[in-house]
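Okay, data-v3.cif now, which holds mmCIF, C-alpha atoms:
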```cif
data_data
#
loop_
_atom_site.label_atom_id
_atom_site.label_comp_id
_atom_site.auth_asym_id
_atom_site.auth_seq_id
_atom_site.Cartn_x
_atom_site.Cartn_y
_atom_site.Cartn_z
CA MET H 24 -121.73 44.81 41.26
CA ASP H 25 -121.93 41.03 41.44
CA ALA H 26 -125.25 39.23 41.98
CA GLN H 27 -123.53 36.23 43.55
CA GLN H 28 -121.81 38.37 46.19
CA ILE H 29 -125.00 40.25 47.07
CA SER H 30 -126.91 36.96 47.31
CA ARG H 31 -124.19 35.43 49.48
CA LEU H 32 -124.15 38.38 51.89
CA THR H 33 -127.96 38.42 52.09
CA ALA H 34 -128.16 34.67 52.72
CA GLN H 35 -125.49 34.80 55.44
CA TRP H 36 -127.39 37.58 57.18
CA ILE H 37 -130.68 35.69 56.94
CA ARG H 38 -129.16 32.56 58.49
CA GLU H 39 -128.19 34.57 61.57
CA LEU H 40 -131.62 36.10 62.24
CA PRO H 41 -133.45 34.74 65.29
CA GLY H 42 -137.13 33.78 65.31
CA GLU H 43 -139.74 33.02 62.67
CA GLU H 44 -141.67 36.30 62.55
CA SER H 45 -142.15 38.49 59.49
CA THR H 46 -139.01 40.28 58.40
CA VAL H 47 -137.44 42.14 55.51
CA LEU H 48 -133.85 43.14 54.81
CA SER H 49 -131.60 44.40 52.04
CA GLY H 50 -128.11 43.03 51.56
CA LEU H 51 -127.87 45.37 48.56
CA GLY H 52 -128.31 48.29 50.94
CA VAL H 53 -125.42 47.18 53.15
CA TRP H 54 -122.98 46.02 50.48
CA PRO H 55 -121.72 49.36 49.10
CA LEU H 56 -120.94 50.64 52.59
CA LEU H 57 -118.85 47.55 53.38
CA ALA H 58 -117.02 47.72 50.05
CA ILE H 59 -116.27 51.45 50.41
CA LEU H 60 -115.06 51.13 54.00
CA ALA H 61 -112.83 48.21 53.00
CA GLU H 62 -111.02 50.53 50.59
CA LEU H 63 -110.53 53.16 53.29
CA ALA H 64 -109.57 50.89 56.21
CA ASP H 65 -106.26 49.54 57.43
CA GLU H 66 -105.56 46.01 58.61
CA PRO H 67 -107.08 43.90 60.02
CA ALA H 68 -110.38 45.75 59.52
CA ARG H 69 -109.66 46.04 55.79
CA SER H 70 -109.47 42.27 55.26
CA GLU H 71 -112.57 41.60 57.37
CA LEU H 72 -114.66 44.16 55.48
CA ALA H 73 -113.33 43.02 52.10
CA ALA H 74 -114.18 39.40 52.89
CA ALA H 75 -117.73 40.39 53.86
CA ALA H 76 -118.19 42.48 50.72
CA GLY H 77 -116.61 39.86 48.49
CA ALA H 78 -115.79 42.35 45.73
CA GLN H 79 -114.38 45.83 45.28
CA TYR H 80 -116.68 48.83 45.08
CA GLU H 81 -117.37 49.77 41.46
CA GLY H 82 -120.44 51.92 41.94
CA LEU H 83 -124.11 51.44 42.73
CA LEU H 84 -126.52 49.34 40.70
CA ALA H 85 -127.25 51.33 37.55
CA SER H 86 -130.37 53.42 37.92
CA ALA H 87 -133.59 52.21 36.35
CA PRO H 88 -137.02 53.86 36.40
CA GLU H 89 -138.11 51.51 39.19
CA LEU H 90 -135.01 51.75 41.41
CA ARG H 91 -133.28 54.70 42.99
CA MET H 92 -130.03 54.28 44.93
CA ALA H 93 -127.91 56.92 46.64
CA LEU H 94 -125.00 57.38 49.03
CA GLY H 95 -124.50 60.15 51.56
CA LEU H 96 -121.69 61.21 53.88
CA TRP H 97 -122.00 63.76 56.68
CA THR H 98 -119.18 64.92 58.95
CA ARG H 99 -118.80 67.24 61.90
CA PRO H 100 -117.01 70.47 60.92
CA GLU H 101 -113.94 69.46 62.91
CA VAL H 102 -113.48 66.15 61.04
CA PRO H 103 -111.08 66.45 58.07
CA LEU H 104 -111.31 64.03 55.14
CA GLU H 105 -108.44 62.54 53.20
CA PRO H 106 -108.19 63.66 49.54
CA GLY H 107 -108.62 60.07 48.32
CA VAL H 108 -112.18 60.00 49.65
CA ASP H 109 -113.28 61.93 46.55
CA LYS H 110 -112.86 58.80 44.40
CA VAL H 111 -115.68 56.91 46.13
CA LEU H 112 -117.55 59.64 48.02
CA PRO H 113 -117.41 62.78 45.86
CA PRO H 114 -118.12 66.23 47.31
CA GLU H 115 -121.61 66.43 45.82
CA ILE H 116 -122.90 63.66 48.10
CA ARG H 117 -121.30 65.05 51.26
CA GLY H 118 -122.70 67.39 53.87
CA VAL H 119 -122.22 68.83 57.33
CA LEU H 120 -123.48 66.75 60.24
CA ALA H 121 -125.43 69.59 61.82
CA ASN H 122 -128.49 67.82 63.26
CA HIS H 123 -130.72 64.79 62.80
CA GLN H 124 -133.20 66.72 60.65
CA VAL H 125 -130.58 67.02 57.90
CA LEU H 126 -130.27 63.23 57.86
CA ASP H 127 -134.03 62.66 57.99
CA ASP H 128 -134.66 65.08 55.12
CA TRP H 129 -132.19 63.14 52.97
CA VAL H 130 -133.90 59.85 53.84
CA VAL H 131 -137.34 61.17 52.87
CA GLU H 132 -136.00 62.60 49.61
CA GLN H 133 -134.13 59.46 48.58
CA THR H 134 -136.92 57.01 49.46
CA GLY H 135 -139.84 59.13 48.30
CA GLY H 136 -141.20 59.13 51.84
CA LEU H 137 -141.30 55.34 52.21
CA ILE H 138 -138.90 55.74 55.15
CA GLN H 139 -138.98 58.83 57.33
CA ARG H 140 -135.92 58.71 59.59
CA MET H 141 -132.24 57.87 59.50
CA PRO H 142 -131.88 54.75 61.65
CA VAL H 143 -128.79 55.80 63.65
CA MET H 144 -128.86 57.99 66.76
CA LEU H 145 -126.99 61.27 66.51
CA THR H 146 -125.26 61.16 69.90
CA PRO H 147 -122.56 63.68 70.89
CA ASP H 148 -119.75 61.23 70.11
CA VAL H 149 -120.89 60.64 66.50
CA LEU H 150 -118.43 62.42 64.21
CA LEU H 151 -119.42 60.99 60.84
CA VAL H 152 -122.38 59.20 59.22
CA LEU H 153 -122.09 57.18 56.02
CA ALA H 154 -125.39 55.97 54.56
CA SER H 155 -126.98 54.29 51.57
CA ALA H 156 -130.60 54.52 50.48
CA LEU H 157 -132.63 52.61 47.95
CA ALA H 158 -136.24 52.80 46.86
CA LEU H 159 -137.90 50.28 44.56
CA ARG H 160 -141.32 50.70 42.96
CA ILE H 161 -142.62 47.94 40.68
CA THR H 162 -145.86 47.95 38.70
CA TRP H 163 -147.16 44.48 37.86
CA ARG H 164 -147.53 43.45 34.24
CA LEU H 165 -150.71 41.69 35.31
CA ALA H 166 -152.53 43.23 38.26
CA PHE H 167 -154.29 41.34 41.04
CA ARG H 168 -157.84 41.89 42.16
CA GLU H 169 -158.88 42.13 45.77
CA THR H 170 -161.33 39.36 46.55
CA SER H 171 -164.27 39.39 48.91
CA PHE H 172 -162.84 36.26 50.52
CA THR H 173 -161.00 37.17 53.70
CA GLU H 174 -159.33 35.23 56.46
CA GLY H 175 -159.40 37.07 59.76
CA GLY H 176 -160.10 40.35 57.99
CA THR H 177 -157.03 40.06 55.73
CA ARG H 178 -157.09 41.85 52.38
CA TRP H 179 -156.73 38.97 49.91
CA LEU H 180 -155.34 39.22 46.38
CA GLN H 181 -155.95 36.87 43.47
CA ARG H 182 -155.11 36.69 39.79
CA SER H 183 -155.08 34.17 36.93
CA ASP H 184 -152.13 34.00 34.56
CA TYR H 185 -151.77 31.94 31.37
CA ASP H 186 -148.00 31.81 31.93
CA LEU H 187 -147.71 28.43 33.67
CA GLU H 188 -143.92 28.73 33.72
CA SER H 189 -144.17 31.55 36.26
CA VAL H 190 -144.74 28.75 38.80
CA ARG H 191 -141.73 26.46 39.23
CA ARG H 192 -140.47 23.77 41.57
CA TYR H 193 -136.81 23.82 42.59
CA GLU H 194 -134.77 21.32 44.53
CA SER H 195 -132.74 22.60 47.46
CA PRO H 196 -130.68 20.87 50.16
CA GLY H 197 -133.54 21.12 52.66
CA GLY H 198 -136.28 19.97 50.30
CA PRO H 199 -138.34 21.29 47.38
CA LEU H 200 -139.34 24.92 46.98
CA THR H 201 -142.14 26.48 44.98
CA VAL H 202 -141.16 29.80 43.40
CA ILE H 203 -143.78 32.03 41.79
CA THR H 204 -142.42 34.95 39.77
CA VAL H 205 -144.62 38.03 39.68
CA PHE H 206 -143.27 40.00 36.74
CA GLY H 207 -142.94 43.75 36.78
CA GLU H 208 -143.37 45.98 33.75
CA GLY H 209 -139.71 47.03 33.77
CA GLU H 210 -136.52 45.27 34.89
CA PHE H 211 -137.62 44.06 38.33
CA ASP H 212 -139.72 41.11 39.51
CA VAL H 213 -140.76 39.65 42.85
CA ARG H 214 -140.27 35.96 43.55
CA LEU H 215 -142.61 34.43 46.10
CA VAL H 216 -141.30 31.26 47.68
CA MET H 217 -142.86 28.52 49.79
CA GLY H 218 -141.24 25.44 51.29
CA GLU H 219 -142.77 22.34 52.75
CA PRO H 220 -144.85 22.77 55.93
CA GLY H 221 -142.61 23.19 58.95
CA ARG H 222 -139.57 24.37 57.01
CA GLY H 223 -138.33 27.50 58.73
CA ARG H 224 -138.02 31.06 57.51
CA ASN H 225 -134.23 31.25 57.39
CA ALA H 226 -133.82 27.94 55.57
CA VAL H 227 -136.35 28.86 52.88
CA LEU H 228 -135.02 32.37 52.26
CA ALA H 229 -131.36 31.32 52.23
CA ALA H 230 -132.19 28.48 49.82
CA VAL H 231 -134.07 30.66 47.33
CA LEU H 232 -131.05 32.98 47.14
CA ASP H 233 -128.85 30.05 46.13
CA LEU H 234 -131.00 28.28 43.53
CA GLU H 235 -129.39 26.76 40.47
CA GLY H 236 -130.84 25.56 37.19
CA GLU H 237 -134.25 26.14 35.67
CA GLY H 238 -136.29 23.99 38.01
CA VAL H 239 -139.48 22.20 36.95
CA GLY H 240 -142.03 24.37 35.16
CA GLY H 241 -145.76 24.72 35.52
CA ALA H 242 -146.60 22.38 32.65
CA ALA H 243 -144.94 19.50 34.50
CA LEU H 244 -146.73 20.50 37.71
CA LEU H 245 -150.04 20.48 35.86
CA ALA H 246 -149.20 16.97 34.66
CA GLY H 247 -148.91 15.78 38.24
CA ARG H 248 -145.46 16.73 39.58
CA GLU H 249 -145.97 17.89 43.16
CA ALA H 250 -144.69 21.16 44.61
CA PRO H 251 -145.23 22.82 48.02
CA GLY H 252 -148.45 24.82 48.15
CA VAL H 253 -149.54 23.91 44.60
CA GLU H 254 -152.79 22.10 43.74
CA VAL H 255 -154.26 21.10 40.39
CA ILE H 256 -157.91 22.16 40.20
CA GLU H 257 -160.68 22.50 37.64
CA SER H 258 -161.14 26.08 36.45
CA MET H 259 -163.62 28.01 34.32
CA SER H 260 -160.92 29.22 31.94
CA GLY H 261 -160.68 27.84 28.44
CA ARG H 262 -156.90 27.54 28.79
CA PRO H 263 -154.58 26.11 31.45
CA THR H 264 -153.85 28.84 33.97
CA ALA H 265 -151.84 29.58 37.07
CA ILE H 266 -154.03 31.03 39.82
CA LEU H 267 -152.25 32.83 42.64
CA SER H 268 -154.06 33.65 45.87
CA MET H 269 -152.18 35.57 48.56
CA PRO H 270 -152.47 38.31 51.18
CA TYR H 271 -151.76 41.98 50.66
CA PHE H 272 -148.79 42.46 52.97
CA GLU H 273 -146.60 45.14 54.45
CA VAL H 274 -143.46 44.60 56.53
CA ASP H 275 -141.19 47.17 58.14
CA VAL H 276 -138.21 46.35 60.35
CA GLU H 277 -135.15 48.02 61.80
CA HIS H 278 -131.98 45.94 62.12
CA ASP H 279 -128.92 46.43 64.30
CA LEU H 280 -126.11 45.15 62.08
CA LEU H 281 -123.69 45.00 65.00
CA GLU H 282 -125.69 42.08 66.37
CA HIS H 283 -124.17 40.17 63.43
CA ALA H 284 -120.81 41.94 63.27
CA GLU H 285 -118.98 38.87 61.95
CA VAL H 286 -121.32 38.60 58.94
CA PHE H 287 -120.56 42.19 57.95
CA GLY H 288 -116.84 42.18 58.72
CA LEU H 289 -117.31 44.73 61.50
CA VAL H 290 -115.62 42.99 64.43
CA THR H 291 -112.35 44.92 64.30
CA ALA H 292 -113.90 48.08 62.85
CA THR H 293 -115.99 48.54 66.01
CA ASP H 294 -112.98 48.38 68.36
CA ASN H 295 -112.83 51.96 69.63
CA SER H 296 -109.43 51.58 71.28
CA ARG H 297 -107.94 52.90 68.03
CA GLY H 298 -108.88 54.18 64.59
CA HIS H 299 -109.36 51.93 61.56
CA PHE H 300 -109.99 54.21 58.57
CA PRO H 301 -106.87 56.23 57.69
CA GLY H 302 -108.07 56.46 54.09
CA LEU H 303 -111.18 58.29 55.28
CA SER H 304 -109.80 60.77 57.80
CA PRO H 305 -106.56 61.45 59.69
CA MET H 306 -108.75 61.52 62.80
CA PRO H 307 -108.98 58.02 64.34
CA LEU H 308 -112.47 56.64 63.73
CA ALA H 309 -114.31 53.44 64.65
CA VAL H 310 -117.81 52.22 63.78
CA GLY H 311 -120.10 52.94 66.72
CA GLN H 312 -123.48 52.17 65.14
CA ALA H 313 -124.59 50.23 62.07
CA ARG H 314 -128.31 50.00 61.40
CA GLN H 315 -130.81 49.44 58.60
CA ALA H 316 -134.43 50.59 58.37
CA VAL H 317 -136.30 48.69 55.66
CA MET H 318 -139.87 48.20 54.46
CA ALA H 319 -141.76 46.30 51.76
CA ARG H 320 -145.38 46.47 50.58
CA PHE H 321 -147.09 44.06 48.16
CA SER H 322 -150.41 45.29 46.75
CA ALA H 323 -152.81 44.53 43.91
CA THR H 324 -151.02 46.83 41.47
CA GLY H 325 -147.38 46.60 42.47
CA PHE H 326 -144.59 46.36 45.00
CA GLU H 327 -142.83 49.08 46.97
CA ALA H 328 -139.72 48.69 49.08
CA ALA H 329 -137.07 50.92 50.58
CA ALA H 330 -134.00 50.55 52.76
CA VAL H 331 -131.74 53.03 54.49
CA THR H 332 -128.49 51.67 55.91
CA ALA H 333 -126.25 53.88 58.03
CA PHE H 334 -122.91 53.57 59.79
CA ALA H 335 -122.17 56.15 62.49
CA MET H 336 -118.54 56.60 63.44
CA ALA H 337 -117.20 57.74 66.77
CA PRO H 338 -113.67 58.55 67.91
CA GLY H 339 -111.44 55.49 67.71
CA SER H 340 -109.29 56.02 70.78
CA ALA H 341 -110.66 58.58 70.93
CA PRO H 342 -160.45 27.45 30.93
CA THR H 343 -163.97 26.14 29.75
CA PRO H 344 -165.36 23.95 32.55
CA GLY H 345 -163.07 20.99 32.79
CA ALA H 346 -159.83 22.85 31.97
CA GLN H 347 -157.18 22.59 34.66
CA ALA H 348 -155.30 25.23 36.59
CA LEU H 349 -152.40 25.39 38.99
CA TYR H 350 -153.72 26.89 42.20
CA VAL H 351 -151.17 28.40 44.57
CA HIS H 352 -152.66 29.56 47.85
CA LEU H 353 -150.15 31.34 50.08
CA ASP H 354 -152.10 30.77 53.28
CA ARG H 355 -149.10 30.00 55.47
CA PRO H 356 -145.75 31.78 55.94
CA PHE H 357 -143.85 32.44 52.71
CA GLY H 358 -140.82 34.35 51.51
CA PHE H 359 -140.26 36.99 48.87
CA VAL H 360 -137.27 38.37 46.98
CA ALA H 361 -137.33 41.41 44.71
CA VAL H 362 -134.83 40.78 41.91
CA HIS H 363 -133.23 42.84 39.16
CA ARG H 364 -134.05 40.63 36.16
CA PRO H 365 -131.02 41.47 33.93
CA THR H 366 -128.39 40.78 36.62
CA GLY H 367 -130.18 38.57 39.15
CA ILE H 368 -129.18 40.93 41.98
CA PRO H 369 -131.55 40.58 44.97
CA VAL H 370 -132.70 44.03 46.09
CA ILE H 371 -134.93 43.09 49.02
CA ALA H 372 -135.71 39.78 50.70
CA GLY H 373 -138.25 39.00 53.38
CA TRP H 374 -140.68 36.66 55.09
CA VAL H 375 -144.42 37.08 55.56
CA THR H 376 -146.47 35.73 58.46
CA GLU H 377 -149.96 36.76 59.57
CA THR H 378 -148.55 39.78 61.40
CA ALA H 379 -147.70 41.35 58.03
CA HIS H 380 -151.14 40.83 56.47
CA ARG H 381 -153.03 44.06 55.87
CA GLN H 382 -156.54 44.18 57.25
CA VAL H 383 -159.72 45.27 55.48
#
```
Serialized structure, structure tokens:
Amino acid sequence: MDAQQISRLTAQWIRELPGEESTVLSGLGVWPLLAILAELADEPARSELAAAAGAQYEGLLASAPELRMALGLWTRPEVPLEPGVDKVLPPEIRGVLANHQVLDDWVVEQTGGLIQRMPVMLTPDVLLVLASALALRITWRLAFRETSFTEGGTRWLQRSDYDLESVRRYESPGGPLTVITVFGEGEFDVRLVMGEPGRGRNAVLAAVLDLEGEGVGGAALLAGREAPGVEVIESMSGRPTAILSMPYFEVDVEHDLLEHAEVFGLVTATDNSRGHFPGLSPMPLAVGQARQAVMARFSATGFEAAAVTAFAMAPGSAPTPGAQALYVHLDRPFGFVAVHRPTGIPVIAGWVTETAHRQV
């Protein structure tokens, strides 16, 4: 699994989203489904799906204590599968498409209850459902404390960190970005990102997924280099510190991937005048629904996120006083990306406005 391909797919999706409201999405949740279907499709759907995936399917991101990923395939009893399906979708992850409760039970099990329902509708014409699920739970190395200071009743979080290099300025085509890395105890971190005032959600999130180089670290910022949302203040600590002040937030969204069919290589695959997946079943099948339910929650002690992505197929023709501190106050819209530290793969990306702030 290639971090660059996941980042590219996620950024392309973000660029297509309308509006500026809070959102969250997981390109990592979509990617394995695209790569698997590319292997099982015929032309031209195969080339479109392969271009969207950008790489062949070689398995899910290796399990870690913080991340759980799974695939599931359910078929109506009358839908036969080709023998080659076993290579990518083995029998142990397959089931009978009996009712929606079967799908919902799988979702709850795989996400630990963070998501409750499979996002596709089980209509009479749905013959097959292919889904991925992921659940991420991060515990911070350094916890936040909830402060008594509130804005509009928002639960506000604050912490001081001696690691100045956790705050960095990066250059991007649309202007500078401030990226604050909140480190987890294991292999996953969350990067908080803020652009200059007025820079839109999609531009900021797409840019942070395409950053290069090391950027400018906190020591240089403390010495006077400017960065969006960063101030140099006097603190009571005896050492230079990075102080982060931000809202407790929670975002949950459901996406219709077919609204961006070109991004996901699904233009031909949704043409129900014929079938497109002879490697999956001798029965002609076309993609009728493609949806993702996704959530993210940032609290004083950690970060939780989950995504369930599903494709439903229908018939296809059928310091001491005076010491200085970097003060980052996320009091306007900002982005976040949960990242697997060893590979750089983005698991979840999103945007936080006041609508996502949790109230006291």
**Prompt:** Exactly which residues make up the result of the PyMOL selection byres ((chain H and resi 223) around 12) on this file, given as number ranges by chain?
**Reply:** H: 37-38, 40-45, 197-198, 217-222, 224-230, 355-358, 374-376
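The interatomic distance for the pair atom CA of Thr293 of chain H and atom CA of Val152 of chain H works out to 14.2 Å.
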**Item:** Nearest to Ala61 of chain H by atom-to-atom distance, counting only C-alpha atoms, from H:Leu84, H:Leu289, H:Met306, H:Ala329
**Value:**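 Looking only at the distances to Ala61 of chain H, the closest residue turns out to be H:Leu289.
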**Message:** Running the PyMOL selection byres ((chain H and resi 46-49) around 6) on this model by hand, what would come out? Give it as a PyMOL selection string.
**Reply:** chain H and resi 45+50-52+371-374
**Message:** Going by the chain IDs and residue numbers used in this file, which residues fall under the PyMOL selection byres ((chain H and resi 257-272) around 6)? Write them as number ranges by chain.
**Reply:** H: 178-185, 187, 256, 273, 320-322, 342-353, 379-381
